[in-house]
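Notes for the one structure printed next.
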Amino acid sequence: METKIKSIGVLTSGGDAPGMNAAIRAVVRTALYYDLKVFGIKQGYHGMVFNKIHPLRSQDVAATIQRGGTILRTARCKEFMTDEGIKMAYENLKKNEIDALVVIGGDGSFRGATEFQKKFGVPIVGLPGTIDNDIYGTDVTIGYDTALNTVVEAVDKIRDTASSHDRMFFVEVMGRHAGFLALRSAIACGAEAVLIPEVDSEIDKFINYLENGYRRKKSSNIILVAEGEKAGGAFQVVEKLKPYLQDYDVRVSILGHLQRGGSPSAYDRYIATKMGVAAVKALIENKSGIMIGIVNEKIVEVPLEKAIKLNKTIDIDDVHIIDIMNV
């Protein structure tokens, strides 16, 4: 098959995630391997609108696979949501003779990519980059594994001081609309409870535990709270539970943006590289409007519209594991 693609632009959009640089590196070097030109677009869609576009060479991505964040940087762009701004972005792609795009980001980034492709017909392939792991069509997203290990390491350290002082810690982790990070890290660090937006009954169950004095048996109590939990973040949850916490020495710890940073894990480097190679190959094969995902360790191609319209659901059995492990 003869490819229509001669040059590719790559950008990172939305929240940064460990492994994005590994994905950029893979896109750049795969494009060069197949004799394609490749351009880096700085600050996501903002860079497209304001022509922050420059050629990338193999040496430009040297020694980046181990770096957190994104060397292309990322930014919000209100202009890209306007007719004038999106037209400027298209004109800048034409000016730089860019035939296709690889967009690394999450749900919002993919929505922007889908609208852009519909309007101008530019071939686009998405790579799922978000620590929330909430993108439909892939078992894992770039950055999730690193963030998971970061949370577990932090909670292990909090557990040390919780045990020393017989304290109960409410630890807030990221996950505004999804509890994947909170739930899996809760299992991995042996948390006594987890509060996530997908399960309404968990806070009532936790109140029942408190009323029955169930958790007084332990020298430390760790409760993980997803920031998007319906009762609010960790501070709001503690305020709501105040009448039931009179017998406990309670502390709140918000892990915040440290979850996004740091050197990517070996697994994130691996999947980011694998996905980056697959994205370029897909464009060479004249495929478009798809997201590259991984299911059962194999590359899959998912329509972008499907990835943004369908919700990825948690495994409810994992919630039950928390109860079983706290007998």
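By order in the structure tokens, chains are A, B, ...; within a chain, residues start at 1; ligands start at 1, following the order shown.
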Could you build a table of the residues in range 21-47 of chain A lying no more than 9 Å from range 270-285 of chain A, giving for each the nearest pair of atoms and their separation in Å rounded to one decimal place, using only C-alpha atoms, ordered by chain and ascending residue number, as a Markdown table?
| residue | atom | partner | partner_atom | distance |
| --- | --- | --- | --- | --- |
| A:Asn21 | CA | A:Ala272 | CA | 8.3 |
| A:Ala22 | CA | A:Ala272 | CA | 5.7 |
| A:Ala23 | CA | A:Ala272 | CA | 4.6 |
| A:Ile24 | CA | A:Gly276 | CA | 7.0 |
| A:Arg25 | CA | A:Thr273 | CA | 7.6 |
| A:Ala26 | CA | A:Gly276 | CA | 4.9 |
| A:Val27 | CA | A:Gly276 | CA | 4.9 |
| A:Val28 | CA | A:Gly276 | CA | 8.6 |
| A:Arg29 | CA | A:Val277 | CA | 8.4 |
| A:Thr30 | CA | A:Val277 | CA | 5.8 |
| A:Ala31 | CA | A:Val280 | CA | 6.3 |
| A:Tyr34 | CA | A:Ile284 | CA | 8.7 |
Residue list (strand (DSSP E), DSSP) for range 9-256 of chain A, as a compact mmCIF listing (two decimals) with C-alpha atoms, in the first residue's frame:
# COMPACT_ATOMS: atom_id res chain seq x y z
CA GLY A 9 3.17 16.25 13.74
CA VAL A 10 3.16 15.07 17.35
CA LEU A 11 1.72 16.88 20.37
CA THR A 12 0.88 16.24 24.01
CA LYS A 37 9.50 14.08 8.38
CA VAL A 38 8.36 14.66 11.95
CA PHE A 39 7.47 17.89 13.74
CA GLY A 40 7.03 18.65 17.41
CA ILE A 41 4.10 20.90 18.32
CA ILE A 53 5.99 23.96 15.46
CA HIS A 54 9.52 22.77 14.73
CA PRO A 55 11.22 19.78 13.07
CA ALA A 100 -1.05 13.86 9.85
CA LEU A 101 -1.07 14.10 13.65
CA VAL A 102 -0.34 11.90 16.62
CA VAL A 103 -2.17 13.28 19.66
CA ILE A 104 -1.04 12.04 23.08
CA GLY A 105 -3.56 12.82 25.82
CA ILE A 124 -5.16 11.65 13.34
CA VAL A 125 -4.14 8.78 15.62
CA GLY A 126 -4.47 9.14 19.40
CA LEU A 127 -2.33 7.68 22.17
CA PRO A 128 -3.99 7.43 25.62
CA ARG A 167 -3.99 7.49 63.63
CA MET A 168 -6.55 7.30 60.86
CA PHE A 169 -5.39 8.90 57.60
CA PHE A 170 -7.67 9.95 54.78
CA VAL A 171 -5.43 10.10 51.71
CA GLU A 172 -6.77 11.90 48.64
CA VAL A 173 -5.57 10.73 45.24
CA ALA A 193 -11.38 1.46 52.85
CA VAL A 194 -11.63 3.28 49.54
CA LEU A 195 -14.14 5.94 48.47
CA ASN A 221 -6.27 3.02 59.38
CA ILE A 222 -5.75 4.20 55.80
CA ILE A 223 -8.74 5.36 53.78
CA LEU A 224 -8.11 6.31 50.16
CA VAL A 225 -10.40 8.94 48.66
CA ALA A 226 -10.63 9.72 44.95
CA ASP A 249 -7.06 10.72 65.77
CA VAL A 250 -7.70 11.78 62.17
CA ARG A 251 -5.35 13.32 59.63
CA VAL A 252 -5.82 14.24 55.97
CA SER A 253 -3.10 13.98 53.34
CA ILE A 254 -3.59 15.18 49.75
- prompt: Looking only at the backbone, which of the residues in range 228-309 of chain A does DSSP tag as alpha helix (DSSP H), as a ChimeraX atom specification?
  reply: /A:234-241,266-284,304-309
